[in-house]
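Q: I'd like to ask some things about the structure below.
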Amino acid sequence: MEAVAQEKGTLSIHTENIFPIIKKFLYSDHEIFLRELVSNAVDATQKVKQLSSYGEFNGELGDLKVTVKLDKEAKTITVSDRGIGMTAEEIKKYINQIAFSGATEFVEKYKDKEGGKENIIGHFGLGFYSAYMVASNVEIVTRSYKEDAEAVRWECDGSTEFEIGPAEREHRGTDIILHIAADSEEFLNEHRLSEILEKYGKFLPVEIEFEDKVINNPNPIWTKNPADLTDEDYLAFYKELYPYSEDPLFWIHLNVDYPFNLTGVLYFPKLKNDFQMQREKIKLYSRQVFITDEVKDIVPDFLQLLHGVIDSPDIPLNVSRSYLQADSNVKKINGYITRKVADKLSEIFKNDREGFEKKFDDIGLFVKYGVISDDKFYDKAKDFCLLKNTEGKYFTFDEYRESVKDNQTDKNDTQIWLYTNDPEKQDAFVDTAKKRSYDVLVMDTVIDPHFIGVLEQKLEKVNIKRVDADPVDKLIEKDVALESVLSDEQKEKAKTLYEGLIGSKMATVQVEAMPTDELPVVITFPEFMRRMTDMQATSGQPSMFGNMPMMYTVSVNANHPLTQKILDTEDEAQQKTLAKQAYDLALLAQGMLSGKALTTFVQRTVEGL
Ligand SMILES: Nc1ncnc2c1ncn2[C@@H]1O[C@H](COP(=O)(O)OP(=O)(O)OP(=O)(O)O)[C@@H](O)[C@H]1O
């Protein structure tokens with residue numbers, strides 16, 4: 001056997017093999033070629049502006065617009081700028097050497113100067129080659145800003161060979177001329193190009209002209225100082241982003257430079273009960289270049305209900321700038337945004353409680369979603385998240401605790417908070433609760449079942465029940481037990497009577513001493529069972545119980561005069577009719593009487609009048 005010698009070496013790469021990979025597979029979306037070339041033009045322009053401000057370039061800056069031109073006949077797309085241009089040497093260095101970025105070199109050189117590193121988009125030294133995804137041939141005609149620089153022409157047909165030589169160009173700057181390949185002719189269309197430019201370049205920092213029109217707003221509000229902006233500016237920008245949307249409720253201007261750079265404006269839209277529709281409205285930018293509207297790694301789930309823009313050069317992008325890489329910065333950004341949003345809400349709450357309450361119906365869903373899904377948010381939101389009662393009064397958690405303390409603490413020293421998820425439907429129950437001077441909250445949004453669960457976990461000694469979870473005296477059990485006027489034997493008789501009448505396995509009948517002002521029969525849904533069904537309904541998961549109807553409790557009021565009367569009725573048929581009537585009334589109070597059963601009930605009632 002031959003012995004293997006220990007050695008070290010360098011990997012070698014064959015350009016012929018790697019080039020097609022860079023050209024075709026590095027970027028998943030072909031349309032981004034335009035983003036890359038326009039970004040390069042913007043970079044070149046920013047560089048010349050910066051050099052001028054550092055005194056390293058003393059010539060005329062002139063009109064710095066970047067232009068994109070489409071020539072359908074010649075089948076070319078040309079991106080032109082009046083940036084720094086390139087000398088022949090620079091082309092060889094920056095273009096011929098794949099993955100050598102002149103942008104990075106520039107940033108390194110000027111990193112300590114004002115604006116030196118903030119304004120440059122390029123980083124990887126690959127973007128230019130994305131042109132070959134759509135072009136069979138690319139020409140560069142360029143003239144450097146340097147004094148006495150000669151214009152240069154470079155051309156390459158996508159093989160590993162290029163040509164370089166002298167050219168004519170009146171001014172400093174660069175034209176990148178793409179000869180569009182046969183399989184990419186879809187890009188020889190002005191609508192398509194304008195759509196791509198609009199998507200990626202709407203807020204690029206240098207004016208971009210296409211078809212004699214400037215397509216971008218180079219100074220979007222998130223780059224400005226909040227002190228210089230009015231409400232109208234924010235609203236106008238919102239309209240620019242979402243032309244057909246209703247005005248937002250309020251907004252937050254994000255502005256941080258340590259430990260990462262991030263700017264942006266987040267808007268609170270009016271949320272409808274359906275919050276799935278509202279997602280993917282936050283746009284992520286990096287140095288004013290659009291990246292994605294998939295912000296799920298940077299923005300916590302509940303904040304994705306917000307609209308607006310986030311711009312951060314510190315968001316780690318992959319080479320294709322199309323998606324992010326998860327890293328610790330992303331986590332920090334996530335935490336920061338959550339904190340900022342909570343602080344803003346808290347500030348509005350403190351400074352304008354009335355205004356905050358007015359908006360709460362619209363932002364409640366969002367705040368509750370935050371409370372449910374993010375502990376850090378909960379810690380702040382617990383002081384401004386509001387509860388609303390059936391009278392339309394709002395309370396913070398602490399205020400509510402204080403307000404119901406005297407009347408709604410049960411014998412185990414636990415506060416029972418009552419709520420309705422449908423004040424209309426549960427009116428009979430709300431009414432009975434109010435007769436006891438109990439307060440009833442309204443919890444009617446899709447996420448309230450979850451919200452209630454979280455409140456119970458977080459708030460000590462608080463139990464939350466829907467008004468129809470139990471007959472009123474059982475909702476909040478106090479020490480005083482009511483005496484039953486019925487004997488045990490009579491109770492048993494009543495139970496058998498109703499069980500025979502109802503004949504459903506879903507119903508549990510119990511005969512209990514209840515106050516006389518309570519209905520003769522009350523139907524309730526045990527809180528636990530009902531909540532599981534509610535939660536499953538919102539989660540969209542198939543129910544563990546299949547389509548089984550919900551279990552319910554039928555409480556016969558032992559102390560109601562009608563119960564006594566029914567038991568005293570000798571005629572069996574008459575007795576059954578009376579009991580049926582009492583039971584139907586209970587069904588009616590729960591909105592459970594319909595169809596044939598309802599018709600029979602109505603007839604029976606009319607006949608009895
Ligand atoms: N229009 C232009 N004017 C002047 N120089 C340019 C122009 N386009 C490209 N360059 C030079 O060529 C270099 C390589 O460009 P390329 O787009 O491949 O990479 P990049 O912009 O540096 O990085 P990235 O891959 O992140 O876009 C640039 O860094 C720049 O120095």
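As shown in the structure tokens, the chain order sets the letters A, B, ...; within each chain, residues go from 1, and ligands are also counted from 1 in the order they appear.
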Using only C-alpha atoms, which protein or nucleic acid residues come within 9 Å of Val79 of chain A? Drop anything in the same chain fewer than 6 positions from it, and give the result as a VMD selection string.
A: chain A and resid 34 37 to 38 41 66 to 69 174 to 178
Q: Mind checking which residues fall within 8 Å of segment 254-257 of chain A, counting only C-alpha atoms, ignoring those fewer than 2 positions away in the same chain, and posting them as a ChimeraX atom specification?
A: /A:222,252,259-266,337,340
Q: For ligand 1, return the neighbouring residues as a PyMOL selection string (distance at most 9 Å; only C-alpha atoms and all ligand atoms).
A: chain A and resi 36-45+47+79-86+90-91+93-106+120-130+140+142-144+173-176+319-321
Q: Which one is closest to Ile566 of chain A: A:Asn389, A:Asn217, A:Gln490, A:Thr524? Count only C-alpha atoms.
A: A:Gln490
Q: Skipping near chain neighbours, those fewer than 2 positions away, what residues fall within 12 Å of Ile464 of chain A using only C-alpha atoms, listed as a PyMOL selection string?
A: chain A and resi 401+408-409+414-420+439-443+448-457+459-462+466-469+475-476+527-528+531
Q: What are the DSSP helix (DSSP H, G or I) residues of segment 79-182 of chain A, as a VMD selection string?
A: chain A and resid 88 to 96 102 to 110 127 to 133 182
